[in-house]
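Trainee: Just passing along the structure, written as structure tokens.
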Amino acid sequence: MTAEESASQPTTAPITAPGKHWYVLRVASNKEDRVRDSLERKVTIEGLEERVGRILVPTVKERRIKAGHMKVTERKLYPGYVFVEMATEDDGSVHEDVWFTIKESSGVGDFIASAGKPIRMPDHEVVMMLAACQKPEEEPGLSGMDLRKGNQVKITEGSFENFEGTVDSVDERRGMVTVVLEVFGRSTPVEIEYWMLEKQ
């Protein structure tokens with residue numbers, strides 16, 4: 001490979017900034033975003049950017065369809081946790097100024113730690129967490145749609161309530177599932193909204 005070709009190759013960003021590691025901070029459930037925003041603001045105000053890098057709350061977009069109406073929501077992949085990229089002291093403890101800034105934020109618990117010192121995340125877990133945060137924009141998955149052709153299901157609502165059948169096809173875009181039912185002694189395909197089905 002020539003020098004020009006080498007220079008044109010895309011570079012992979014490091015999973016962690018030099019001198020820092022990733023740590024997991026316990027926070028109050030449903031306050032992850034608020035804690036992240038508060039910490040980012042305080043780190044800037046206190047001038048702690050050298051010690052604290054990225055602060056992340058990984059989420060995934062999901063579609064929910066009920067009664068024909070679709071809504072896109074964001075689900076937190078790790079409820080009750082915020083991920084903090086930071087530098088620790090030589091002995092592994094959190095710098096006093098950083099610790100004070102974090103603990104003074106409402107909704108914060110403690111770092112996942114051992115012997116009073118935060119435990120750094122293993123590289124493979126960091127890679128998974130960052131991948132979840134950096135997914136390209138794509139069609140959100142359908143929340144709760146874990147049905148596949150051949151699954152046995154029971155209908156829980158609607159005209160065919162309590163009927164049992166077999167999944168023939170799944171249309172995630174519309175949130176509809178074609179189920180083959182035994183109606184009057186004949187196999188009959190019926191389209192049912194996915195939330196009306198219970199996997200057997």
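Every chain in the structure tokens takes a letter, A first, then B, and so on in the order presented; its residues are numbered from 1, and the ligands are numbered from 1 following the presented order.
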Using only C-alpha atoms, which residues of segment 17-81 of chain A come within 7 Å of segment 107-127 of chain A, and what is the closest atom pair for each, with the distance in Å to one decimal? Give it as a tab-separated table, sorted by chain and residue number.
Mentor:
```
residue	atom	partner	partner_atom	distance
A:His21	CA	A:Arg120	CA	6.2
A:Trp22	CA	A:Met121	CA	5.5
A:Tyr23	CA	A:Arg120	CA	5.0
A:Val24	CA	A:Phe111	CA	5.7
A:Leu25	CA	A:Phe111	CA	4.3
A:Arg26	CA	A:Gly109	CA	5.1
A:Val27	CA	A:Val108	CA	4.5
A:Ala28	CA	A:Gly107	CA	5.0
A:Lys31	CA	A:Gly107	CA	6.6
A:Val35	CA	A:Gly107	CA	6.6
```
Trainee: Please dump the current selection as a compact mmCIF listing (two decimals), in the first residue's frame; keep N, CA and C atoms.
Mentor:
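Ended up saving to part.txt:
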```txt
# COMPACT_ATOMS: atom_id res chain seq x y z
N HIS A 21 -10.55 6.34 31.13
CA HIS A 21 -11.21 5.05 31.02
C HIS A 21 -12.70 5.27 31.23
N TRP A 22 -13.50 4.27 30.87
CA TRP A 22 -14.95 4.35 31.03
C TRP A 22 -15.38 3.73 32.36
N TYR A 23 -16.32 4.39 33.03
CA TYR A 23 -16.84 3.91 34.31
C TYR A 23 -18.37 3.98 34.28
N VAL A 24 -19.00 3.19 35.14
CA VAL A 24 -20.47 3.11 35.16
C VAL A 24 -20.99 3.76 36.43
N LEU A 25 -21.84 4.74 36.25
CA LEU A 25 -22.42 5.50 37.37
C LEU A 25 -23.87 5.10 37.56
N ARG A 26 -24.21 4.66 38.77
CA ARG A 26 -25.61 4.35 39.09
C ARG A 26 -26.37 5.65 39.31
N VAL A 27 -27.58 5.71 38.72
CA VAL A 27 -28.41 6.91 38.88
C VAL A 27 -29.86 6.48 39.10
N ALA A 28 -30.68 7.43 39.52
CA ALA A 28 -32.09 7.14 39.72
C ALA A 28 -32.74 6.79 38.39
N LYS A 31 -34.04 9.13 35.36
CA LYS A 31 -33.36 10.43 35.48
C LYS A 31 -32.01 10.42 34.75
N VAL A 35 -29.42 13.56 34.55
CA VAL A 35 -28.10 13.47 35.19
C VAL A 35 -27.00 13.77 34.17
```
Trainee: Per DSSP on the backbone, what are the strand (DSSP E or B) residues of chain A, as a ChimeraX atom specification?
Mentor: /A:21-27,52-56,59-66,69-76,81-86,108-111,113-114,117-118,141-142,152-155,164-171,176-183,186-193,197-199
Trainee: Write the residues you've just listed into a file as a JSON list (two decimals), in the first residue's frame, and include C-alpha atoms for each of them.
Mentor:
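selection_6.json was written with the following content:
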```json
[["chain", "number", "residue", "atom", "x", "y", "z"],
["A", 21, "HIS", "CA", -11.21, 5.05, 31.02],
["A", 22, "TRP", "CA", -14.95, 4.35, 31.03],
["A", 23, "TYR", "CA", -16.84, 3.91, 34.31],
["A", 24, "VAL", "CA", -20.47, 3.11, 35.16],
["A", 25, "LEU", "CA", -22.42, 5.50, 37.37],
["A", 26, "ARG", "CA", -25.61, 4.35, 39.09],
["A", 27, "VAL", "CA", -28.41, 6.91, 38.88],
["A", 52, "VAL", "CA", -14.00, 14.13, 32.39],
["A", 53, "GLY", "CA", -14.71, 13.32, 28.73],
["A", 54, "ARG", "CA", -17.90, 11.92, 27.24],
["A", 55, "ILE", "CA", -20.99, 11.22, 29.34],
["A", 56, "LEU", "CA", -23.41, 8.88, 27.61],
["A", 59, "THR", "CA", -30.72, 4.38, 23.68],
["A", 60, "VAL", "CA", -32.44, 2.52, 20.86],
["A", 61, "LYS", "CA", -35.38, 3.78, 18.80],
["A", 62, "GLU", "CA", -38.46, 1.59, 18.69],
["A", 63, "ARG", "CA", -41.82, 1.77, 16.95],
["A", 64, "ARG", "CA", -45.01, 1.00, 18.79],
["A", 65, "ILE", "CA", -48.21, 0.39, 16.85],
["A", 66, "LYS", "CA", -51.56, 0.09, 18.54],
["A", 69, "HIS", "CA", -51.39, 4.41, 15.30],
["A", 70, "MET", "CA", -47.59, 4.37, 15.23],
["A", 71, "LYS", "CA", -45.34, 6.14, 17.71],
["A", 72, "VAL", "CA", -41.53, 6.20, 17.72],
["A", 73, "THR", "CA", -39.99, 6.12, 21.18],
["A", 74, "GLU", "CA", -36.45, 5.88, 22.55],
["A", 75, "ARG", "CA", -35.76, 3.06, 25.00],
["A", 76, "LYS", "CA", -32.75, 3.22, 27.30],
["A", 81, "TYR", "CA", -26.91, 3.82, 34.55],
["A", 82, "VAL", "CA", -24.87, 6.62, 32.98],
["A", 83, "PHE", "CA", -21.47, 5.98, 31.37],
["A", 84, "VAL", "CA", -18.65, 8.39, 32.20],
["A", 85, "GLU", "CA", -15.28, 8.67, 30.48],
["A", 86, "MET", "CA", -12.81, 10.08, 32.98],
["A", 108, "VAL", "CA", -26.73, 10.32, 41.32],
["A", 109, "GLY", "CA", -25.93, 7.18, 43.29],
["A", 110, "ASP", "CA", -22.39, 5.82, 43.13],
["A", 111, "PHE", "CA", -19.95, 4.29, 40.68],
["A", 113, "ALA", "CA", -16.79, 0.09, 42.51],
["A", 114, "SER", "CA", -14.56, -2.23, 44.49],
["A", 117, "LYS", "CA", -12.62, 2.79, 43.84],
["A", 118, "PRO", "CA", -14.59, 2.77, 40.57],
["A", 141, "GLY", "CA", -37.47, -1.82, 15.25],
["A", 142, "LEU", "CA", -40.98, -2.65, 16.39],
["A", 152, "GLN", "CA", -47.94, -20.80, 18.01],
["A", 153, "VAL", "CA", -50.00, -17.88, 19.29],
["A", 154, "LYS", "CA", -53.20, -17.10, 21.15],
["A", 155, "ILE", "CA", -55.35, -14.08, 20.29],
["A", 164, "GLU", "CA", -55.17, -20.23, 18.86],
["A", 165, "GLY", "CA", -53.26, -20.51, 15.60],
["A", 166, "THR", "CA", -49.94, -20.48, 13.80],
["A", 167, "VAL", "CA", -48.06, -17.40, 12.54],
["A", 168, "ASP", "CA", -47.86, -17.45, 8.73],
["A", 169, "SER", "CA", -46.22, -14.08, 8.09],
["A", 170, "VAL", "CA", -45.18, -10.88, 9.88],
["A", 171, "ASP", "CA", -45.42, -7.33, 8.53],
["A", 176, "MET", "CA", -49.71, -6.85, 11.45],
["A", 177, "VAL", "CA", -49.36, -10.62, 11.77],
["A", 178, "THR", "CA", -51.12, -13.16, 9.56],
["A", 179, "VAL", "CA", -52.26, -16.05, 11.74],
["A", 180, "VAL", "CA", -53.74, -19.28, 10.37],
["A", 181, "LEU", "CA", -56.76, -20.25, 12.49],
["A", 182, "GLU", "CA", -59.05, -23.25, 12.40],
["A", 183, "VAL", "CA", -62.45, -21.71, 11.69],
["A", 186, "ARG", "CA", -61.05, -24.93, 7.74],
["A", 187, "SER", "CA", -57.60, -23.30, 7.92],
["A", 188, "THR", "CA", -58.27, -19.58, 7.59],
["A", 189, "PRO", "CA", -55.57, -16.85, 7.44],
["A", 190, "VAL", "CA", -56.50, -13.78, 9.51],
["A", 191, "GLU", "CA", -54.57, -10.52, 9.93],
["A", 192, "ILE", "CA", -54.18, -9.51, 13.57],
["A", 193, "GLU", "CA", -52.39, -6.55, 15.17],
["A", 197, "LEU", "CA", -51.17, -11.88, 20.22],
["A", 198, "GLU", "CA", -49.59, -13.96, 22.95],
["A", 199, "LYS", "CA", -46.87, -16.42, 22.06]]
```
Trainee: Take atom CA of Thr156 of chain A and atom CA of Leu77 of chain A and report the distance between them in Å, one decimal.
Mentor: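 Atom-to-atom, atom CA of Thr156 of chain A to atom CA of Leu77 of chain A, that is 28.5 Å.
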Trainee: From the options A:Met196, A:Ile102, A:Ala131, A:Leu48, which residue's atoms come nearest to Arg36 of chain A, counting only C-alpha atoms?
Mentor: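 With only C-alpha atoms as the atom set, the closest residue is A:Ile102.
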